[in-house]
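One file, my_file-v9.cif, is given below (mmCIF, C-alpha atoms).
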```cif
data_upload
#
loop_
_atom_site.label_atom_id
_atom_site.label_comp_id
_atom_site.auth_asym_id
_atom_site.auth_seq_id
_atom_site.Cartn_x
_atom_site.Cartn_y
_atom_site.Cartn_z
CA MET A 1 9.81 -42.78 19.77
CA LEU A 2 9.19 -39.32 21.11
CA PRO A 3 6.47 -37.28 19.41
CA PRO A 4 7.70 -34.24 17.44
CA PRO A 5 8.13 -31.16 19.63
CA VAL A 6 5.09 -28.89 19.73
CA LEU A 7 6.25 -25.36 18.97
CA PRO A 8 4.59 -22.50 20.83
CA ARG A 9 2.23 -20.49 18.65
CA LEU A 10 3.29 -17.00 17.60
CA GLY A 11 0.05 -15.78 16.01
CA PRO A 12 -1.45 -13.40 15.37
CA ARG A 13 1.83 -12.02 14.05
CA PRO A 14 3.21 -9.55 14.80
CA LEU A 15 1.37 -9.59 18.13
CA PRO A 16 2.50 -6.14 19.38
CA LEU A 17 1.12 -4.57 16.20
CA HIS A 18 -2.30 -6.21 16.60
CA LEU A 19 -2.51 -5.38 20.31
CA GLY A 20 -1.16 -1.88 19.71
CA THR A 21 -3.72 -1.15 16.99
CA ALA A 22 -6.55 -2.10 19.33
CA LEU A 23 -5.12 -0.34 22.36
CA MET A 24 -4.37 2.90 20.51
CA THR A 25 -7.84 3.00 18.95
CA TRP A 26 -9.76 2.23 22.13
CA ALA A 27 -7.60 4.38 24.38
CA SER A 28 -8.05 7.28 21.96
CA SER A 29 -11.81 7.05 22.63
CA GLU A 30 -11.10 7.88 26.25
CA SER A 31 -8.78 10.78 25.44
CA ALA A 32 -11.17 12.11 22.80
CA TRP A 33 -14.00 12.07 25.34
CA LYS A 34 -11.88 14.11 27.73
CA ASN A 35 -11.69 16.79 25.05
CA TRP A 36 -15.24 16.63 23.84
CA LYS A 37 -17.13 16.36 27.07
CA PRO A 38 -18.99 19.47 28.17
CA GLY A 39 -16.75 21.86 30.04
CA SER A 40 -13.49 20.86 28.34
CA PRO A 41 -11.63 23.49 26.31
CA GLY A 42 -11.90 21.37 23.18
CA SER A 43 -15.66 21.35 23.37
CA ARG A 44 -15.68 25.12 22.91
CA PRO A 45 -13.99 25.85 19.60
CA ASN A 46 -13.89 29.59 20.32
CA SER A 47 -12.13 29.16 23.63
CA PRO A 48 -9.22 31.62 23.50
CA VAL A 49 -6.70 29.57 25.49
CA PRO A 50 -7.10 25.79 25.06
CA GLU A 51 -5.61 23.99 28.02
CA THR A 52 -4.81 20.84 26.08
CA PRO A 53 -2.54 20.33 23.05
CA VAL A 54 -5.49 19.09 21.02
CA PRO A 55 -6.69 21.84 18.70
CA GLY A 56 -10.13 23.12 19.57
CA ALA A 57 -11.89 21.24 16.82
CA PRO A 58 -15.66 21.28 16.97
CA VAL A 59 -17.33 18.27 18.54
CA PRO A 60 -18.39 15.90 15.72
CA ASP A 61 -22.13 15.92 15.03
CA ALA A 62 -22.49 12.24 15.98
CA ILE A 63 -21.03 12.97 19.44
CA ALA A 64 -22.87 16.30 19.81
CA ALA A 65 -26.16 14.47 19.20
CA LEU A 66 -25.40 12.17 22.13
CA LEU A 67 -24.45 14.88 24.61
CA PRO A 68 -28.01 15.65 25.86
CA GLU A 69 -28.62 11.92 26.44
CA ILE A 70 -25.32 11.54 28.30
CA ALA A 71 -26.09 14.65 30.37
CA ALA A 72 -29.52 13.25 31.30
CA LEU A 73 -27.96 9.93 32.38
CA GLU A 74 -25.32 11.65 34.48
CA ALA A 75 -27.96 13.92 36.04
CA ARG A 76 -29.75 10.78 37.19
CA ASP A 77 -26.80 8.53 38.16
CA GLY A 78 -24.08 11.03 39.06
CA ALA A 79 -21.38 13.00 37.30
CA GLY A 80 -18.54 11.04 35.68
CA ARG A 81 -20.60 7.86 35.23
CA PHE A 82 -20.31 7.95 31.45
CA GLU A 83 -16.53 8.21 31.62
CA GLU A 84 -16.42 5.25 34.01
CA ALA A 85 -18.62 3.20 31.68
CA LEU A 86 -16.43 4.11 28.72
CA ARG A 87 -13.33 2.98 30.61
CA ARG A 88 -15.04 -0.30 31.57
CA GLU A 89 -15.99 -0.96 27.95
CA ILE A 90 -12.43 -0.32 26.76
CA ALA A 91 -11.10 -2.75 29.38
CA ARG A 92 -13.76 -5.33 28.43
CA ARG A 93 -12.76 -5.17 24.77
CA MET A 94 -9.04 -5.44 25.54
CA HIS A 95 -9.72 -8.44 27.76
CA ARG A 96 -11.83 -10.06 25.09
CA LEU A 97 -9.06 -9.66 22.52
CA ALA A 98 -6.44 -11.02 24.93
CA GLU A 99 -8.67 -13.96 25.88
CA GLY A 100 -9.32 -14.74 22.21
CA VAL A 101 -5.59 -14.77 21.43
CA LEU A 102 -4.83 -16.91 24.50
CA ALA A 103 -7.65 -19.35 23.67
CA TYR A 104 -6.11 -19.78 20.23
CA ARG A 105 -2.58 -20.17 21.54
CA GLN A 106 -3.61 -22.74 24.12
CA HIS A 107 -5.95 -24.71 21.89
CA ALA A 108 -5.15 -28.43 21.72
CA VAL A 109 -5.77 -28.89 18.00
CA ARG A 110 -2.77 -29.34 15.68
CA ARG A 111 -2.57 -30.41 12.03
CA THR A 112 -1.93 -34.14 12.21
CA LEU A 113 -2.17 -35.20 8.57
CA GLU A 114 0.63 -37.37 7.31
CA ASN A 115 2.34 -35.67 4.37
CA PRO A 116 2.87 -37.70 1.21
CA PRO A 117 6.41 -38.60 0.12
CA ALA A 118 8.66 -36.27 -1.85
CA VAL A 119 9.57 -37.63 -5.29
CA TRP A 120 11.87 -34.77 -6.33
CA SER A 121 13.76 -32.05 -4.53
CA GLU A 122 16.16 -29.26 -5.26
CA GLY A 123 17.53 -27.05 -2.48
CA ASN A 124 14.72 -26.76 0.05
CA THR A 125 11.99 -27.21 -2.60
CA ARG A 126 10.23 -30.58 -2.71
CA LEU A 127 7.65 -32.13 -4.96
CA LEU A 128 5.13 -34.14 -2.94
CA ASP A 129 3.22 -36.96 -4.64
CA TYR A 130 -0.43 -36.85 -3.56
CA GLY A 131 -1.01 -39.99 -5.58
CA ALA A 132 0.01 -41.73 -2.35
CA THR A 133 -3.13 -40.47 -0.60
CA HIS A 134 -5.75 -42.34 -2.67
CA PRO A 135 -5.76 -45.50 -4.84
CA ALA A 136 -7.89 -43.74 -7.49
CA ALA A 137 -4.98 -41.41 -8.17
CA ARG A 138 -2.64 -44.33 -8.86
CA ALA A 139 -4.88 -45.96 -11.49
CA PRO A 140 -3.36 -45.97 -14.99
CA TYR A 141 -4.01 -42.71 -16.81
CA TRP A 142 -5.96 -44.19 -19.73
CA SER A 143 -8.16 -46.37 -17.55
CA CYS A 144 -9.92 -43.35 -16.12
CA ARG A 145 -10.44 -41.81 -19.58
CA ARG A 146 -12.04 -44.77 -21.30
CA MET B 1 2.11 -24.29 -6.93
CA PRO B 2 1.33 -22.39 -3.78
CA SER B 3 2.54 -18.89 -2.94
CA LEU B 4 6.11 -18.31 -1.78
CA ILE B 5 4.84 -16.46 1.29
CA ASN B 6 2.13 -18.61 2.80
CA ARG B 7 2.91 -22.30 2.79
CA TRP B 8 1.04 -25.06 0.99
CA GLU B 9 -0.80 -26.60 3.97
CA VAL B 10 -3.97 -24.63 3.22
CA LEU B 11 -4.37 -26.95 0.24
CA ASP B 12 -4.28 -29.95 2.60
CA LEU B 13 -5.50 -28.73 5.96
CA THR B 14 -7.44 -31.79 7.16
CA ALA B 15 -8.46 -35.06 5.50
CA GLU B 16 -11.79 -33.45 4.56
CA LYS B 17 -10.59 -29.92 3.88
CA SER B 18 -8.03 -30.81 1.28
CA LEU B 19 -8.18 -29.75 -2.35
CA LEU B 20 -5.23 -32.06 -3.07
CA ARG B 21 -6.82 -35.15 -1.51
CA ALA B 22 -10.11 -34.36 -3.30
CA MET B 23 -8.21 -34.28 -6.60
CA ALA B 24 -6.53 -37.61 -5.83
CA ALA B 25 -9.85 -39.20 -4.83
CA ALA B 26 -11.31 -38.02 -8.16
CA GLY B 27 -8.65 -39.97 -10.04
CA LEU B 28 -6.25 -37.14 -10.81
CA ARG B 29 -2.58 -37.48 -9.85
CA PRO B 30 -1.68 -34.25 -8.06
CA TYR B 31 1.85 -33.24 -7.19
CA LEU B 32 2.50 -30.31 -4.88
CA VAL B 33 5.41 -27.89 -4.75
CA ASP B 34 6.59 -27.36 -1.17
CA TRP B 35 8.89 -24.34 -1.33
CA GLY B 36 10.21 -24.90 2.19
CA THR B 37 12.20 -22.12 3.86
CA PRO B 38 14.80 -20.40 1.65
CA ASN B 39 18.36 -21.60 2.32
CA ASP B 40 21.44 -19.43 1.74
CA GLU B 41 21.40 -20.00 -2.00
CA GLU B 42 17.63 -19.53 -2.29
CA ARG B 43 17.78 -16.24 -0.42
CA ARG B 44 19.44 -14.92 -3.60
CA PHE B 45 16.58 -16.11 -5.84
CA ASP B 46 14.60 -13.75 -8.04
CA SER B 47 11.41 -14.75 -9.87
CA GLU B 48 13.49 -16.03 -12.78
CA ALA B 49 15.37 -18.44 -10.51
CA TYR B 50 12.09 -19.71 -9.05
CA VAL B 51 10.54 -20.21 -12.50
CA ALA B 52 13.72 -21.99 -13.63
CA ARG B 53 13.33 -24.34 -10.67
CA LEU B 54 9.70 -24.97 -11.63
CA GLU B 55 10.86 -25.76 -15.17
CA ARG B 56 13.19 -28.45 -13.81
CA ALA B 57 10.43 -29.89 -11.63
CA LEU B 58 8.12 -29.90 -14.65
CA ALA B 59 10.73 -31.70 -16.76
CA PHE B 60 11.03 -34.35 -14.06
CA LEU B 61 7.25 -34.78 -13.88
CA ALA B 62 6.72 -34.91 -17.64
CA LYS B 63 9.30 -37.69 -17.81
CA ARG B 64 7.83 -39.55 -14.84
CA ALA B 65 4.24 -39.33 -16.12
CA ARG B 66 5.23 -39.70 -19.78
CA ARG B 67 2.91 -36.86 -20.71
CA ALA B 68 2.61 -33.14 -20.19
CA PRO B 69 0.87 -32.35 -16.90
CA ALA B 70 -1.54 -29.51 -16.27
CA VAL B 71 -0.14 -26.90 -13.91
CA LEU B 72 -2.13 -25.16 -11.20
CA GLY B 73 -1.05 -22.07 -9.30
CA TYR B 74 -2.66 -20.43 -6.28
CA CYS B 75 -2.16 -16.76 -5.43
CA MET B 76 1.42 -15.66 -6.18
CA GLY B 77 2.16 -19.27 -7.18
CA GLY B 78 -0.27 -18.62 -10.03
CA THR B 79 1.70 -15.61 -11.25
CA LEU B 80 4.85 -17.77 -11.38
CA THR B 81 2.88 -20.52 -13.14
CA VAL B 82 1.90 -18.13 -15.95
CA ALA B 83 5.62 -17.63 -16.62
CA LEU B 84 6.16 -21.40 -16.48
CA ALA B 85 3.45 -21.98 -19.11
CA ALA B 86 4.87 -19.19 -21.29
CA ARG B 87 8.35 -20.68 -21.16
CA GLN B 88 7.40 -24.37 -21.47
CA PRO B 89 4.25 -24.48 -23.65
CA ARG B 90 4.99 -27.98 -24.95
CA ARG B 91 5.36 -29.43 -21.47
CA VAL B 92 2.14 -27.84 -20.11
CA ALA B 93 -1.20 -29.43 -21.03
CA GLY B 94 -3.31 -26.87 -19.17
CA LEU B 95 -2.98 -23.86 -16.92
CA ALA B 96 -5.32 -23.40 -13.94
CA LEU B 97 -5.03 -20.21 -11.90
CA LEU B 98 -6.70 -19.65 -8.53
CA ALA B 99 -6.79 -16.03 -7.35
CA ALA B 100 -3.58 -15.29 -9.21
CA PRO B 101 -2.62 -11.60 -9.27
CA TRP B 102 -1.55 -10.14 -12.62
CA ASP B 103 -2.62 -6.51 -13.09
CA PHE B 104 -1.35 -4.98 -9.85
CA HIS B 105 -2.74 -1.54 -10.73
CA ALA B 106 -6.26 -2.67 -11.67
CA ASP B 107 -7.53 -2.00 -8.13
CA ARG B 108 -5.22 -0.52 -5.51
CA THR B 109 -7.75 -0.33 -2.69
CA GLY B 110 -5.96 -0.74 0.63
CA HIS B 111 -2.52 -0.77 -1.00
CA ALA B 112 -1.44 2.72 0.17
CA PHE B 113 0.79 1.40 2.97
CA LEU B 114 2.21 -1.38 0.82
CA VAL B 115 3.05 0.98 -2.04
CA SER B 116 4.50 3.76 0.11
CA ALA B 117 6.52 1.42 2.34
CA GLY B 118 7.49 -0.87 -0.57
CA PRO B 119 10.78 0.79 -1.60
CA LEU B 120 11.92 1.01 2.05
CA LEU B 121 11.03 -2.62 2.69
CA ALA B 122 12.90 -3.58 -0.48
CA GLU B 123 15.99 -1.93 1.06
CA VAL B 124 15.42 -4.01 4.18
CA ALA B 125 15.18 -7.14 2.03
CA ASP B 126 18.39 -6.20 0.20
CA LYS B 127 20.29 -5.76 3.47
CA VAL B 128 18.81 -8.66 5.44
CA GLY B 129 18.76 -10.99 2.45
CA GLU B 130 15.07 -11.72 2.89
CA LEU B 131 11.81 -10.10 3.88
CA PRO B 132 11.11 -11.55 7.36
CA VAL B 133 7.78 -13.19 8.14
CA ASP B 134 6.75 -10.48 10.61
CA VAL B 135 7.25 -7.80 7.97
CA LEU B 136 5.15 -9.79 5.52
CA GLN B 137 2.49 -10.22 8.21
CA THR B 138 2.57 -6.45 8.76
CA LEU B 139 1.71 -5.99 5.08
CA PHE B 140 -1.30 -8.30 5.53
CA TRP B 141 -2.21 -6.32 8.65
CA SER B 142 -2.17 -3.11 6.59
CA LEU B 143 -4.89 -4.49 4.30
CA ASP B 144 -7.28 -4.71 7.28
CA PRO B 145 -5.81 -3.53 10.61
CA TRP B 146 -8.93 -4.55 12.56
CA LEU B 147 -9.11 -8.08 11.26
CA ALA B 148 -7.39 -9.68 14.28
CA VAL B 149 -9.67 -7.85 16.72
CA LYS B 150 -12.75 -9.00 14.83
CA LYS B 151 -11.73 -12.60 14.28
CA PHE B 152 -10.33 -13.38 17.73
CA GLY B 153 -13.50 -11.94 19.26
CA ARG B 154 -15.52 -14.21 16.99
CA PHE B 155 -13.30 -17.18 17.89
CA LEU B 156 -13.98 -16.64 21.58
CA GLY B 157 -17.70 -16.94 20.90
CA MET B 158 -17.29 -20.36 19.24
CA ASP B 159 -17.76 -23.75 20.85
CA GLN B 160 -14.07 -24.43 21.55
CA ALA B 161 -14.51 -28.16 20.97
CA GLY B 162 -16.47 -27.71 17.75
CA ALA B 163 -15.46 -28.02 14.11
CA GLY B 164 -15.53 -24.26 13.59
CA ALA B 165 -12.97 -23.58 16.33
CA ARG B 166 -10.80 -26.47 15.15
CA GLU B 167 -10.72 -25.06 11.64
CA PHE B 168 -10.03 -21.54 12.93
CA VAL B 169 -6.99 -22.82 14.84
CA LEU B 170 -5.61 -24.79 11.89
CA LEU B 171 -6.06 -21.86 9.53
CA GLU B 172 -4.49 -19.43 11.99
CA ASP B 173 -1.53 -21.81 12.42
CA TRP B 174 -1.11 -21.85 8.65
CA LEU B 175 -1.39 -18.06 8.32
CA ASN B 176 1.26 -17.47 10.97
CA ASP B 177 3.65 -20.16 9.77
CA GLY B 178 4.67 -18.39 6.56
CA ALA B 179 8.14 -18.41 5.04
CA PRO B 180 10.39 -15.38 4.61
CA LEU B 181 10.59 -14.06 1.06
CA ALA B 182 14.00 -14.18 -0.68
CA GLY B 183 15.54 -10.69 -0.99
CA PRO B 184 15.59 -10.26 -4.80
CA VAL B 185 12.07 -11.65 -5.27
CA ALA B 186 10.83 -9.43 -2.41
CA ARG B 187 12.22 -6.37 -4.24
CA GLU B 188 10.56 -7.52 -7.47
CA CYS B 189 7.17 -7.95 -5.74
CA LEU B 190 7.23 -4.75 -3.71
CA VAL B 191 8.70 -2.35 -6.26
CA GLY B 192 8.28 -4.12 -9.59
CA TRP B 193 4.88 -5.75 -9.16
CA TYR B 194 2.96 -3.58 -6.66
CA GLY B 195 4.82 -0.35 -7.47
CA ASP B 196 5.32 -0.54 -11.24
CA ASN B 197 2.91 -3.29 -12.31
CA VAL B 198 5.61 -5.02 -14.34
CA PRO B 199 3.57 -8.21 -15.10
CA GLY B 200 0.29 -6.40 -15.86
CA SER B 201 1.98 -3.94 -18.20
CA GLY B 202 3.64 -6.69 -20.21
CA ARG B 203 7.19 -5.91 -19.07
CA TRP B 204 7.97 -9.01 -17.02
CA VAL B 205 10.93 -10.78 -18.58
CA VAL B 206 11.82 -14.27 -17.37
CA GLY B 207 14.91 -15.96 -18.78
CA GLY B 208 15.00 -13.59 -21.73
CA ARG B 209 11.31 -14.10 -22.60
CA ARG B 210 8.70 -11.42 -22.09
CA ILE B 211 5.66 -12.99 -20.39
CA VAL B 212 2.60 -12.03 -22.44
CA PRO B 213 -0.60 -13.89 -21.46
CA ALA B 214 -2.21 -13.26 -24.86
CA LYS B 215 0.55 -15.33 -26.44
CA ILE B 216 -0.04 -18.38 -24.23
CA ASN B 217 -2.17 -20.87 -26.14
CA VAL B 218 -2.57 -23.73 -23.66
CA PRO B 219 -6.12 -24.29 -22.32
CA ALA B 220 -6.45 -22.09 -19.27
CA LEU B 221 -8.89 -21.72 -16.39
CA VAL B 222 -8.94 -18.48 -14.39
CA MET B 223 -10.86 -18.72 -11.10
CA ILE B 224 -11.61 -15.39 -9.48
CA PRO B 225 -13.04 -15.22 -5.94
CA SER B 226 -15.21 -12.10 -5.95
CA GLY B 227 -14.77 -11.56 -2.19
CA ASP B 228 -10.96 -11.60 -2.35
CA ARG B 229 -9.38 -8.86 -0.25
CA ILE B 230 -5.79 -10.06 -0.69
CA VAL B 231 -5.72 -10.31 -4.49
CA PRO B 232 -8.26 -7.82 -5.90
CA PRO B 233 -10.61 -9.65 -8.33
CA LEU B 234 -9.75 -7.10 -11.04
CA SER B 235 -6.06 -8.01 -10.73
CA ALA B 236 -6.78 -11.71 -11.32
CA ALA B 237 -9.39 -10.93 -14.00
CA ALA B 238 -6.70 -9.38 -16.23
CA LEU B 239 -5.62 -12.94 -17.10
CA ALA B 240 -9.12 -13.65 -18.44
CA ASP B 241 -9.43 -10.39 -20.37
CA PRO B 242 -10.66 -11.03 -23.94
CA VAL B 243 -7.85 -8.94 -25.44
CA ARG B 244 -4.94 -8.93 -22.96
CA GLY B 245 -5.69 -12.18 -21.19
CA LEU B 246 -4.74 -15.80 -21.86
CA LYS B 247 -5.67 -16.85 -25.37
CA ASN B 248 -7.59 -20.05 -24.68
CA VAL B 249 -9.20 -19.13 -21.38
CA THR B 250 -12.28 -20.09 -19.39
CA ARG B 251 -13.23 -17.63 -16.65
CA ARG B 252 -15.07 -18.60 -13.47
CA ASP B 253 -16.11 -16.09 -10.83
CA LEU B 254 -16.76 -17.58 -7.39
CA PRO B 255 -18.73 -15.90 -4.57
CA LEU B 256 -15.94 -16.75 -2.09
CA GLY B 257 -12.89 -15.13 -0.51
CA HIS B 258 -9.19 -15.65 -1.15
CA ILE B 259 -8.79 -18.41 1.43
CA GLY B 260 -12.44 -19.49 1.43
CA MET B 261 -12.11 -20.58 -2.20
CA VAL B 262 -9.87 -23.47 -1.10
CA VAL B 263 -11.09 -24.33 2.42
CA SER B 264 -14.57 -22.96 3.16
CA GLY B 265 -17.67 -25.12 3.49
CA ARG B 266 -18.71 -24.16 -0.05
CA ALA B 267 -15.23 -24.62 -1.59
CA ARG B 268 -15.96 -28.20 -2.71
CA ASP B 269 -19.08 -27.29 -4.69
CA LEU B 270 -18.04 -23.90 -5.99
CA CYS B 271 -14.32 -24.36 -6.61
CA TRP B 272 -12.92 -27.89 -6.26
CA THR B 273 -15.53 -29.71 -8.35
CA PRO B 274 -15.54 -27.33 -11.34
CA LEU B 275 -11.73 -27.22 -11.16
CA ILE B 276 -11.43 -31.02 -11.15
CA ASP B 277 -13.99 -31.32 -13.98
CA TRP B 278 -12.02 -28.80 -16.03
CA LEU B 279 -8.71 -30.59 -15.39
CA ARG B 280 -10.26 -33.90 -16.44
CA ASP B 281 -11.46 -32.45 -19.72
CA ILE B 282 -8.10 -31.05 -20.86
CA PRO B 283 -7.05 -32.76 -24.09
CA ALA B 284 -3.98 -34.95 -23.58
CA LYS B 285 -0.86 -33.35 -24.95
CA THR B 286 1.23 -36.40 -25.72
CA PRO B 287 -1.40 -39.07 -26.42
CA ARG B 288 -0.23 -42.65 -26.56
CA LYS B 289 -2.02 -45.51 -28.26
CA ARG B 290 -4.79 -47.09 -26.23
CA HIS B 291 -4.44 -50.79 -25.66
#
```
Hey, can you dump this file as structure tokens for me?
Amino acid sequence: MLPPPVLPRLGPRPLPLHLGTALMTWASSESAWKNWKPGSPGSRPNSPVPETPVPGAPVPDAIAALLPEIAALEARDGAGRFEEALRREIARRMHRLAEGVLAYRQHAVRRTLENPPAVWSEGNTRLLDYGATHPAARAPYWSCRR
Amino acid sequence: MPSLINRWEVLDLTAEKSLLRAMAAAGLRPYLVDWGTPNDEERRFDSEAYVARLERALAFLAKRARRAPAVLGYCMGGTLTVALAARQPRRVAGLALLAAPWDFHADRTGHAFLVSAGPLLAEVADKVGELPVDVLQTLFWSLDPWLAVKKFGRFLGMDQAGAGAREFVLLEDWLNDGAPLAGPVARECLVGWYGDNVPGSGRWVVGGRRIVPAKINVPALVMIPSGDRIVPPLSAAALADPVRGLKNVTRRDLPLGHIGMVVSGRARDLCWTPLIDWLRDIPAKTPRKRH
């Protein structure tokens, strides 16, 4: 007899939503940096004519606190290095998510337990008797209460 | 009774990770409701139709076992089981509820998307005849949009041949193999339960009977996983409330999550064993003479 067909896995469902959530969040880090980095219109809230559609919101304190450190790193290693590193990290995280999903989808393990028999059904609802899985469950009721 | 949304296999995932097999090995005689996938007729079911079906299954079992069985409901299956016990008190010897939601307004953390999209999704369910699995999975996504990113990253770090990875895969298969929810019951859940808190406010009527936990006298056990992010612990705790809750109730709080309470490494000690002990101690409802 042929084994039952193995259906391809669909999880995590819905996949586009999970991938989209990650992509939108990580990609927004890159676009936010473009606005917050020194020299961009967004980094100067009082700039009269912002060149991007993003309103000239002030740089958040957490990012502002990092700017001197980033500037020192770029002074040593070259301009634009932080942006490159940010892009690499976004790609690394996307790859990691994709690899995790693929590892799950390609994993060899499947549930192989034999299901107990149905003793009642109505429409597509069934009542499965787990008494079939262990002799202790089939002992007379009163014998286990004595 | 498992939920109508996620199937029953989480209660019997592997030979070792199986609440049902543990119950059988302990000398109980468990029966499980497999709801299957709704057919054309079942796509028109509301909660009343599902409870009526449970009543017929219960009648069959009571006759087969020649005594009233205890009933056990997990998650949304627990909510339906409360109605079953209210409608068939003489056929129910005990009522055990695992992470069963009741007061849907007790804690609405993370429910903003569900509540705002609920009426629109109910329209979808009306038109399509069911709430499709991917829509249901989107509602789970809305409770924690980063969960997939976190857990698949963690999965990649596991030994792929080890027990942890094996369990991850089986659980993920179960999570993604849900059933669509019948249209009328989807509307009831989205608008009636999450939107208007019909059960928790004492307005749920099933087959002409208002379901009031405080009027249910059968011995009851309410197990509440304190780390539950799917059914807020406060929602389940309403069934154990001294005033509004079940009349004859024992409450047990477990330091586990919604799914962890049935399959985690600590489930046996913290959930299965006390549950089985409690079921064993329920007084028989239709005692027969001992030989």
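Pairwise distance (CA of Trp278 in chain B, CA of Pro233 in chain B) equals 20.7 Å.
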Exercise. Quick one: everything within 9 Å of range 126-132 of chain A, counting all atoms listed in the file, minus sequence neighbours fewer than 6 positions away in the same chain. Send it as a PyMOL selection string.
Key: (chain A and resi 115-120+138) or (chain B and resi 20-21+23-25+27-36+57)
Practice problem: Apply the PyMOL selection byres ((chain B and resi 214) around 7) to the displayed file and report the matching residues as a list in words. | Solution: Val212, Pro213, Lys215, Ile216, Arg244, Gly245, Leu246 and Lys247 of chain B
Practice problem: Find the residues in chain A near chain B: any atom within 9 Å counts, using all atoms listed in the file. Write them as a count of residues only. | Solution: 53
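Residues surrounding Leu190 in chain B within 8 Å are Leu114, Val115, Gly118, Pro119, Leu121, Ala122, Ala186, Arg187, Glu188, Gly192, Trp193, Tyr194 and Gly195 of chain B [all atoms listed in the file; sequence separation below 2 positions excluded].
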Test item: axis-aligned box, all listed atoms of range 67-73 of chain A, 8 Å on each side, centre and edges in Å rounded to one decimal, as AutoDock Vina command-line options:
```
--center_x -27.0 --center_y 12.8 --center_z 28.5 --size_x 21.1 --size_y 21.7 --size_z 23.8
```
